[in-house]
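Chemist: Quick one: this structure, given as structure tokens, is what I'll be asking you about.
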Amino acid sequence: MFICHMNTSPNILLIYTGGTIGMIKDFETGVLVAFNFDELLLKIPELNLLDCIINTVSFSTPIDSSDMNMERWKELGDIINSNYEKYDGFVVLHGSDTMSYTASAISFMFENLAKPIIFTGSQLPIGDLRTDAKENLITALQIAALQQKGKPVITEVGLYFEYKLLRANRTTKINAEHFEAFQSMNYPALVESGVHLKVNTSFLRVVNRRKKMVYHTHFDNNIMILKMFPGINERMLKHIFSSDTIKGVIIETYGSGNTTTKKWFIDIISDTIKKGIPVVNVTQCAGGSVEMGKYNTSMALKKAGVISGKDITTEAAVAKLMYLLGGDLPLKVLKTIYETSLRGEMSEN
């Protein structure tokens with residue numbers, strides 16, 4: 001535990017799930033290994049200067065984020081939920097590769113969230129000479145501890161990387177090498193870090209503090225993502241869609257929601273929806289929105305009852321579909337709810 005010097009300091013829980021940020025190099029072997037987070041202060045003595053009380057907890061077995069799954073989402077959610085009343089904010093250290101997926105899932109798990117859950121990580125290990133880990137971690141903690149009139153300033157799930165706090169369920173990892181690894185193409189930054197922390201108040205989610213936080217863990221991962229490409233194969237698709245285990249489909253379409261207009265493709269999509277299986281339309285483009293019916297190439301999808309993902313990211317689309325499927329909703333109800341912004345993950349218009 002690291003204690004600052006003021007009695008009114010916010011309590012922050014720092015959760016390590018795995019990832020590059022928690023690694024140090026074994027100088028004998030050159031291999032990256034996870035270090036003991038109880039020794040965090042030794043690696044980053046600057047944490048002593050922060051105006052907050054920091055406690056740490058780690059996954060029993062820290063993992064590479066490529067191994068992240070629903071069970072691990074629940075493990076993380078359970079840690080936050082069981083400590084929700086004890087702390088003023090949470091910072092989650094996570095591998096960058098699937099951070100946007102996990103952070104999006106956590107946003108749906110916590111309804112009426114009234115405290116910050118800030119995800120961060122790094123491109124270089126914490127012990128590396130040129131690491132981005134220290135700045136990311138220190139500023140993420142500082143943002144989680146921001147308060148106004150005794151209440152947290154941030155009341156949503158955020159992702160902090162390279163001087164910007166982004167709404168987590170609006171993010172996508174766009175670079176494997178640059179320190180600026182994440183972007184939010186369709187929503188502005190919530191906080192920008194410079195000489196001062198600039199909070200873009202008008203972009204923050206407004207919390208109704210009279211409503212209690214509700215914790216959800218019902219996720220169903222029997223879904224698949226279909227990415228459109230020229231020359232997509234009829235026989236292959238018919239075989240895939242014939243599976244009895246599929247409960248939901250996300251199609252990554254061209255541009256503003258367009259697909260091939262071949263009859264066989266439209267028939268496959270229509271037949272899938274007739275079985276009660278939701279089909280969600282998201283764009284392959286990094287930025288922009290699905291507008292079904294704007295072009296003839298998406299009109300048939302709209303008529304078939306395909307759900308518009310609007311400007312949602314694929315990462316958030318996956319988490320949202322798993323979340324709603326877990327609620328065992330009738331298809332029409334699921335479609336209506338999916339096309340509504342629940343946690344700020346899509347634009348309302």
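For the structure tokens, the naming scheme is as follows: chains receive sequential letters (A, B, ...) according to their order of presentation, residues are indexed from 1 within each chain, and ligands are indexed from 1 in presentation order.
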I need the residues in segment 92-299 of chain A that are alpha helix (DSSP H) according to DSSP; give them as a PyMOL selection string.
Modeler: chain A and resi 99-109+133-144+234-241+263-274+296-299
Chemist: Which of these, A:Leu226, A:Ile118, A:Val249, A:Leu13, has the shortest distance to Ile80 of chain A once you count only C-alpha atoms?
Modeler: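 Ranking A:Leu226, A:Ile118, A:Val249, A:Leu13 by distance to Ile80 of chain A, first place goes to A:Leu13.
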Chemist: List the spatial neighbours of Gly293 of chain A as a PDB file with N, CA, C and O atoms, in the first residue's frame - criterion: any atom at most 9 Å away, only C-alpha atoms, same-chain residues fewer than 3 positions off excluded.
Modeler:
```pdb
ATOM      1  N   GLY A 257     -21.688   0.380 -44.477  1.00  0.00           N
ATOM      2  CA  GLY A 257     -22.525  -0.783 -44.157  1.00  0.00           C
ATOM      3  C   GLY A 257     -22.893  -1.626 -45.350  1.00  0.00           C
ATOM      4  O   GLY A 257     -23.920  -2.318 -45.330  1.00  0.00           O
ATOM      5  N   ASN A 258     -22.067  -1.625 -46.386  1.00  0.00           N
ATOM      6  CA  ASN A 258     -22.409  -2.285 -47.643  1.00  0.00           C
ATOM      7  C   ASN A 258     -21.818  -3.697 -47.748  1.00  0.00           C
ATOM      8  O   ASN A 258     -20.738  -3.972 -47.242  1.00  0.00           O
ATOM      9  N   ASN A 296     -27.780   1.191 -52.309  1.00  0.00           N
ATOM     10  CA  ASN A 296     -28.552  -0.001 -52.655  1.00  0.00           C
ATOM     11  C   ASN A 296     -27.910  -1.268 -52.094  1.00  0.00           C
ATOM     12  O   ASN A 296     -28.597  -2.254 -51.785  1.00  0.00           O
ATOM     13  N   THR A 297     -26.588  -1.230 -51.923  1.00  0.00           N
ATOM     14  CA  THR A 297     -25.853  -2.405 -51.451  1.00  0.00           C
ATOM     15  C   THR A 297     -26.103  -2.725 -49.974  1.00  0.00           C
ATOM     16  O   THR A 297     -25.608  -3.726 -49.467  1.00  0.00           O
ATOM     17  N   SER A 298     -26.852  -1.889 -49.270  1.00  0.00           N
ATOM     18  CA  SER A 298     -27.202  -2.210 -47.877  1.00  0.00           C
ATOM     19  C   SER A 298     -28.707  -2.220 -47.642  1.00  0.00           C
ATOM     20  O   SER A 298     -29.159  -2.554 -46.554  1.00  0.00           O
ATOM     21  N   MET A 299     -29.491  -1.881 -48.668  1.00  0.00           N
ATOM     22  CA  MET A 299     -30.946  -1.831 -48.507  1.00  0.00           C
ATOM     23  C   MET A 299     -31.527  -3.200 -48.172  1.00  0.00           C
ATOM     24  O   MET A 299     -32.408  -3.323 -47.308  1.00  0.00           O
ATOM     25  N   ALA A 300     -31.022  -4.240 -48.825  1.00  0.00           N
ATOM     26  CA  ALA A 300     -31.543  -5.593 -48.575  1.00  0.00           C
ATOM     27  C   ALA A 300     -31.264  -6.037 -47.144  1.00  0.00           C
ATOM     28  O   ALA A 300     -32.068  -6.751 -46.532  1.00  0.00           O
ATOM     29  N   LEU A 301     -30.128  -5.617 -46.591  1.00  0.00           N
ATOM     30  CA  LEU A 301     -29.791  -5.959 -45.198  1.00  0.00           C
ATOM     31  C   LEU A 301     -30.786  -5.317 -44.242  1.00  0.00           C
ATOM     32  O   LEU A 301     -31.244  -5.939 -43.276  1.00  0.00           O
ATOM     33  N   LYS A 302     -31.118  -4.068 -44.523  1.00  0.00           N
ATOM     34  CA  LYS A 302     -32.067  -3.348 -43.685  1.00  0.00           C
ATOM     35  C   LYS A 302     -33.428  -4.029 -43.706  1.00  0.00           C
ATOM     36  O   LYS A 302     -34.064  -4.235 -42.659  1.00  0.00           O
ATOM     37  N   LYS A 303     -33.871  -4.407 -44.912  1.00  0.00           N
ATOM     38  CA  LYS A 303     -35.164  -5.086 -45.060  1.00  0.00           C
ATOM     39  C   LYS A 303     -35.189  -6.431 -44.353  1.00  0.00           C
ATOM     40  O   LYS A 303     -36.224  -6.867 -43.838  1.00  0.00           O
TER      41      LYS A 303
END
```
Chemist: Report, in Å to a single decimal, how far apart atom CA of Ile246 of chain A and atom CA of Ile277 of chain A are.
Modeler: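 Value for the atom CA of Ile277 of chain A-atom CA of Ile246 of chain A distance: 7.8 Å.
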Chemist: Please build the interface table for segment 133-249 of chain A against segment 50-62 of chain A with a cut-off of 10 Å, listing for each qualifying residue the nearest atom pair and the distance in Å to one decimal; count only C-alpha atoms, order rows by chain and increasing number, and write it as a Markdown table.
Modeler:
```
| residue | atom | partner | partner_atom | distance |
| --- | --- | --- | --- | --- |
| A:Ile138 | CA | A:Leu50 | CA | 8.1 |
| A:Thr139 | CA | A:Leu50 | CA | 9.6 |
| A:Leu141 | CA | A:Leu50 | CA | 8.2 |
| A:Gln142 | CA | A:Leu50 | CA | 7.0 |
| A:Ala144 | CA | A:Cys52 | CA | 9.4 |
| A:Ala145 | CA | A:Cys52 | CA | 6.5 |
| A:Leu146 | CA | A:Asp51 | CA | 9.4 |
```
Chemist: Those residues with N, CA and C atoms, as a short mmCIF file (atom, residue, chain, number, x, y, z; two decimals), in the first residue's frame please?
Modeler:
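Result file follows (again-v2.cif):
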```cif
data_model
loop_
_atom_site.label_atom_id
_atom_site.label_comp_id
_atom_site.auth_asym_id
_atom_site.auth_seq_id
_atom_site.Cartn_x
_atom_site.Cartn_y
_atom_site.Cartn_z
N ILE A 138 1.28 6.43 -13.95
CA ILE A 138 1.16 7.57 -13.03
C ILE A 138 -0.05 8.43 -13.39
N THR A 139 -0.21 8.72 -14.68
CA THR A 139 -1.32 9.60 -15.10
C THR A 139 -2.67 8.88 -14.98
N LEU A 141 -3.45 6.70 -12.71
CA LEU A 141 -3.76 6.79 -11.29
C LEU A 141 -4.24 8.19 -10.91
N GLN A 142 -3.57 9.19 -11.46
CA GLN A 142 -3.95 10.58 -11.18
C GLN A 142 -5.36 10.87 -11.67
N ALA A 144 -7.77 8.61 -12.16
CA ALA A 144 -8.70 7.85 -11.34
C ALA A 144 -8.96 8.53 -10.01
N ALA A 145 -7.99 9.32 -9.54
CA ALA A 145 -8.11 9.98 -8.24
C ALA A 145 -8.73 11.38 -8.34
N LEU A 146 -8.99 11.86 -9.57
CA LEU A 146 -9.58 13.19 -9.73
C LEU A 146 -10.94 13.27 -9.05
#
```
Chemist: Which residues are near segment 92-97 of chain A? Cut-off 9 Å, only C-alpha atoms, ignore same chain within fewer than 3 positions. Put them as a ChimeraX atom specification.
Modeler: /A:13-22,63-66,76,100-102,117-123,137,173,176,181-182
